[in-house]
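Asks: Take a look at this one; I'll ask things after.
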Amino acid sequence: MPPFRDEVVFVITTGSQVTRIQYGLSESLTPQKVVPTKVYKKVKDDGTSEYSLEGDEKDAILPIKKGIIQDLEALVKFIEQHYVQSCELTPGLTPFAPILLTSNSLWKRKQIESMITYFFNKVKVPALTIVPESLAAAFAYATPKTCVVNIGAEKTEITPIIDFSVIESAQNVFELGGNDINKSLSKLMPNLSNQQIEDLKRSHIYEVLHDKSMSFFGEPSEPATMSPEDEGIVDVAAIVASDNAREILAQREQKKNSKQVELKNSEMPRNSFTDSRGNKIEVGTDRFKGTEELIEKLAHEVGNVISKIDDITKRNDCWENIVLTGGPTAIKGFADAFLLSLQEHFLITKSSTFSDIPSGYNTSGYGTPPLTPGVFSESSAHGQVPTIIKIAKMAEYFTGWKGHTWEEAPFLGSQIAAKQIFTPGIASIDGAYLSREEFNERNAKEIWKVGII
């Protein structure tokens, strides 16, 4: 059985821009602290380098860019500093906390082995394991068969997972991500600064609308139903029978005078947001644009990735459990628009026949007839195309994660994995980490045998 207690497990996920850290695992797997993936390097008089978590910006180093490790030494020093700080280790005290590190598919094997060697030889950690970020997302959704779409700032990674194993041969990484939304918005609204564009994207008025949106930009909204009070109908008998008729009439008149029609953001031709400097900025319908290229690319690449899975049943399992994670997924309407694009490009419905299916494109059916709303087939009539496409839903029993967005799902999955790998319990996974003894007897390459990477 794993020998570590919940309260001493250290979990860290390092991204190109931010790093998520948790020391100690509670029952609810509460949210983590988020810090910039940045470390400061100063060269001392003797020529050696000294790293710290604070410093002058001219000495700042970003160890990861576009998911690729650019400075391995800076990265291990960055992780070490947070490990020592979180565990409150003092010089001479032997570390007692195992580490679960979430990795990126663009990290090289030699880099991972060098990191493991450093943590055992220099930091003296008792145990360590590494979990791919896409696999961690699958853990968060408890979906053994899935296709994980992880959208970063500058790149997107699409990974099929079968029985909680990454299918590396079908995995695809391409340079398109959240920053491309900003570029599109900057072209549409050149009067806004880069920071204001980012502020707009993170505001409540920025959302994705599509052809099925119930607004004046798409199909007309349903007329609002009015109560008798809204229509001016007065229950005179009830008022007269009451002891405070004058007060009731006065309150009703005041409510009538103050009543205003509240429009949804999607129904307003103009709306305003407040930027990070406190300025109120008004924008028009361009606030509903900017994601088109990204969503179209995502849909196309998901089809290409899933088509590489040979087993038709497992391929359909992936279509029915698409995990969407990353920064842009927090944008209102993004997931709906992405799902609609997948359905329009790939879904075959009851109204479709075999003759409708393109025979010259051997994938999951890109270019098949558009979705007939509300019509689904319960069984697959054609091996190349899905009959059901769904975005997976995260379990709701993690109370500490209420209010947090899908972009944080891989970190939640990392905590779940750490709990199963390092701590005792019914669902514990034995032998999924590299201990200090195993490292000393063999070397860092042993991680590929005992880990789940």
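Residues are named by chain letter and number: chains run A, B, ... in the order of the structure tokens, numbers start at 1 in each chain, and ligands are numbered from 1 in the order shown.
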Set the distance at 6 Å and use only C-alpha atoms: which residues neighbour Ser16 in chain A once local chain neighbours fewer than 6 positions away are removed? I'd like the list as an mmCIF file with N, CA, C and O atoms, in the first residue's frame.

Replies:
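Heads up, here's the output in result.cif:
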data_model
loop_
_atom_site.group_PDB
_atom_site.id
_atom_site.type_symbol
_atom_site.label_atom_id
_atom_site.label_comp_id
_atom_site.auth_asym_id
_atom_site.auth_seq_id
_atom_site.Cartn_x
_atom_site.Cartn_y
_atom_site.Cartn_z
ATOM 1 N N ILE A 64 9.304 27.781 -19.612
ATOM 2 C CA ILE A 64 8.493 27.033 -20.573
ATOM 3 C C ILE A 64 7.823 28.008 -21.537
ATOM 4 O O ILE A 64 7.237 29.010 -21.109
ATOM 5 N N LYS A 65 7.885 27.716 -22.816
ATOM 6 C CA LYS A 65 7.216 28.535 -23.829
ATOM 7 C C LYS A 65 6.524 27.613 -24.833
ATOM 8 O O LYS A 65 7.132 26.680 -25.340
ATOM 9 N N GLY A 67 4.578 25.321 -24.290
ATOM 10 C CA GLY A 67 4.603 23.949 -23.799
ATOM 11 C C GLY A 67 5.956 23.276 -23.852
ATOM 12 O O GLY A 67 6.135 22.170 -23.349
#

Asks: Need to verify the contact set: range 300-303 of chain A, 12 Å, only C-alpha atoms, exclusion of same-chain residues closer than 6 positions in sequence. Can you return it as a ChimeraX atom specification?

Replies: /A:146-150,156-160,170-174,176,293-294,309,315-316,318-319,322-324,338-339,341-347,361-368,384-386,389

Asks: Mind giving me the straight-line distance from CA of Ala138 in chain A to CA of Pro410 in chain A in Å, one decimal?

Replies: 7.7 Å

Asks: For Gln420 in chain A, which residue out of A:Arg436, A:His210, A:Lys145, A:Arg5 is the nearest one, using only C-alpha atoms?

Replies: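 Among the listed residues, the smallest separation from Gln420 in chain A belongs to A:Arg5.
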
Asks: Please measure the separation of CA of Ala97 in chain A and CA of Phe10 in chain A, giving the value in Å to one decimal.

Replies: 6.1 Å

Asks: List the neighbours of Glu7 in chain A out to 10 Å using only C-alpha atoms; skip same-chain residues closer than 6 positions along the sequence, and give me the result as a PyMOL selection string.

Replies: chain A and resi 23-26+97+423

Asks: Go ahead and write the residues just picked, all heavy atoms, as a PDB file, in the first residue's frame.

Replies:
ATOM      1  N   TYR A  23      -0.265  21.678  -1.766  1.00  0.00           N
ATOM      2  CA  TYR A  23       0.459  20.874  -0.786  1.00  0.00           C
ATOM      3  C   TYR A  23      -0.556  20.358   0.221  1.00  0.00           C
ATOM      4  O   TYR A  23      -1.182  21.123   0.951  1.00  0.00           O
ATOM      5  CB  TYR A  23       1.529  21.704  -0.082  1.00  0.00           C
ATOM      6  CG  TYR A  23       2.231  20.954   1.026  1.00  0.00           C
ATOM      7  CD1 TYR A  23       2.938  19.782   0.750  1.00  0.00           C
ATOM      8  CD2 TYR A  23       2.162  21.394   2.338  1.00  0.00           C
ATOM      9  CE1 TYR A  23       3.563  19.079   1.758  1.00  0.00           C
ATOM     10  CE2 TYR A  23       2.791  20.694   3.360  1.00  0.00           C
ATOM     11  CZ  TYR A  23       3.488  19.538   3.063  1.00  0.00           C
ATOM     12  OH  TYR A  23       4.105  18.829   4.068  1.00  0.00           O
ATOM     13  N   GLY A  24      -0.718  19.044   0.245  1.00  0.00           N
ATOM     14  CA  GLY A  24      -1.719  18.436   1.101  1.00  0.00           C
ATOM     15  C   GLY A  24      -3.034  18.263   0.371  1.00  0.00           C
ATOM     16  O   GLY A  24      -3.485  19.157  -0.346  1.00  0.00           O
ATOM     17  N   LEU A  25      -3.628  17.097   0.508  1.00  0.00           N
ATOM     18  CA  LEU A  25      -4.875  16.774  -0.188  1.00  0.00           C
ATOM     19  C   LEU A  25      -6.003  16.633   0.823  1.00  0.00           C
ATOM     20  O   LEU A  25      -5.951  15.776   1.692  1.00  0.00           O
ATOM     21  CB  LEU A  25      -4.728  15.471  -0.979  1.00  0.00           C
ATOM     22  CG  LEU A  25      -3.584  15.421  -1.998  1.00  0.00           C
ATOM     23  CD1 LEU A  25      -3.447  14.016  -2.560  1.00  0.00           C
ATOM     24  CD2 LEU A  25      -3.818  16.427  -3.114  1.00  0.00           C
ATOM     25  N   SER A  26      -7.022  17.476   0.693  1.00  0.00           N
ATOM     26  CA  SER A  26      -8.181  17.379   1.580  1.00  0.00           C
ATOM     27  C   SER A  26      -9.224  16.472   0.950  1.00  0.00           C
ATOM     28  O   SER A  26      -9.092  16.052  -0.204  1.00  0.00           O
ATOM     29  CB  SER A  26      -8.776  18.763   1.835  1.00  0.00           C
ATOM     30  OG  SER A  26      -9.297  19.304   0.629  1.00  0.00           O
ATOM     31  N   ALA A  97       7.790  14.846   1.591  1.00  0.00           N
ATOM     32  CA  ALA A  97       6.619  14.917   0.722  1.00  0.00           C
ATOM     33  C   ALA A  97       6.918  14.353  -0.667  1.00  0.00           C
ATOM     34  O   ALA A  97       7.857  14.790  -1.334  1.00  0.00           O
ATOM     35  CB  ALA A  97       6.145  16.367   0.597  1.00  0.00           C
ATOM     36  N   THR A 423      -1.442   7.677  -1.469  1.00  0.00           N
ATOM     37  CA  THR A 423      -2.076   7.509  -0.165  1.00  0.00           C
ATOM     38  C   THR A 423      -2.869   6.210  -0.087  1.00  0.00           C
ATOM     39  O   THR A 423      -3.355   5.706  -1.101  1.00  0.00           O
ATOM     40  CB  THR A 423      -3.008   8.690   0.143  1.00  0.00           C
ATOM     41  OG1 THR A 423      -4.131   8.670  -0.752  1.00  0.00           O
ATOM     42  CG2 THR A 423      -2.279  10.013  -0.024  1.00  0.00           C
TER      43      THR A 423
END

Asks: Compile the contact shell of Val43 in chain A as number ranges by chain: residues with an atom at most 12 Å away, counting only C-alpha atoms, same-chain residues fewer than 5 positions apart removed.

Replies: A: 48-52, 59

Asks: With N, CA and C atoms retained, could you export that selection as an mmCIF file, in the first residue's frame?

Replies:
data_model
loop_
_atom_site.group_PDB
_atom_site.id
_atom_site.type_symbol
_atom_site.label_atom_id
_atom_site.label_comp_id
_atom_site.auth_asym_id
_atom_site.auth_seq_id
_atom_site.Cartn_x
_atom_site.Cartn_y
_atom_site.Cartn_z
ATOM 1 N N THR A 48 28.692 31.587 -10.306
ATOM 2 C CA THR A 48 27.573 30.659 -10.132
ATOM 3 C C THR A 48 26.250 31.407 -10.175
ATOM 4 N N SER A 49 25.188 30.677 -10.462
ATOM 5 C CA SER A 49 23.862 31.283 -10.584
ATOM 6 C C SER A 49 23.040 31.033 -9.328
ATOM 7 N N GLU A 50 22.224 32.007 -8.988
ATOM 8 C CA GLU A 50 21.341 31.906 -7.835
ATOM 9 C C GLU A 50 19.912 32.192 -8.299
ATOM 10 N N TYR A 51 18.991 31.304 -7.930
ATOM 11 C CA TYR A 51 17.608 31.438 -8.374
ATOM 12 C C TYR A 51 16.714 31.800 -7.190
ATOM 13 N N SER A 52 15.682 32.580 -7.461
ATOM 14 C CA SER A 52 14.715 32.946 -6.430
ATOM 15 C C SER A 52 13.354 33.168 -7.079
ATOM 16 N N ASP A 59 15.849 40.171 -14.592
ATOM 17 C CA ASP A 59 16.460 38.869 -14.300
ATOM 18 C C ASP A 59 15.462 37.712 -14.433
#

Asks: List as a count of residues only the protein and nucleic acid residues near Pro269 in chain A, meaning an atom at most 9 Å away when only C-alpha atoms are counted, but skip any in the same chain fewer than 6 places from it.

Replies: 3

Asks: Could you pull the residues within 6 Å of Gly326 in chain A, counting only C-alpha atoms, minus those fewer than 5 positions along the same chain, as a PyMOL selection string?

Replies: chain A and resi 150-152+407

Asks: Using Å and a single decimal, report how far CA of Lys155 in chain A sits from CA of Glu175 in chain A.

Replies: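 Interatomic distance here is 4.1 Å.
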
Asks: Give one line per residue of range 246-340 of chain A that approaches range 177-185 of chain A to at most 7 Å, naming the two atoms of the closest pair and their distance in Å to one decimal, counting only C-alpha atoms; sort by chain then ascending residue number and deliver it as a Markdown table.

Replies:
| residue | atom | partner | partner_atom | distance |
| --- | --- | --- | --- | --- |
| A:Gly290 | CA | A:Ser184 | CA | 5.0 |
| A:Thr291 | CA | A:Ile181 | CA | 5.5 |
| A:Leu294 | CA | A:Gly177 | CA | 6.9 |
| A:Gly327 | CA | A:Gly178 | CA | 6.8 |
| A:Pro328 | CA | A:Gly178 | CA | 5.8 |

Asks: Counting only C-alpha atoms, figure out which residue out of A:Ala137, A:Leu200, A:Ile388, A:Leu192 gets nearest to Asn271 in chain A.

Replies: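 Using only C-alpha atoms, Asn271 in chain A sits closest to A:Leu200.
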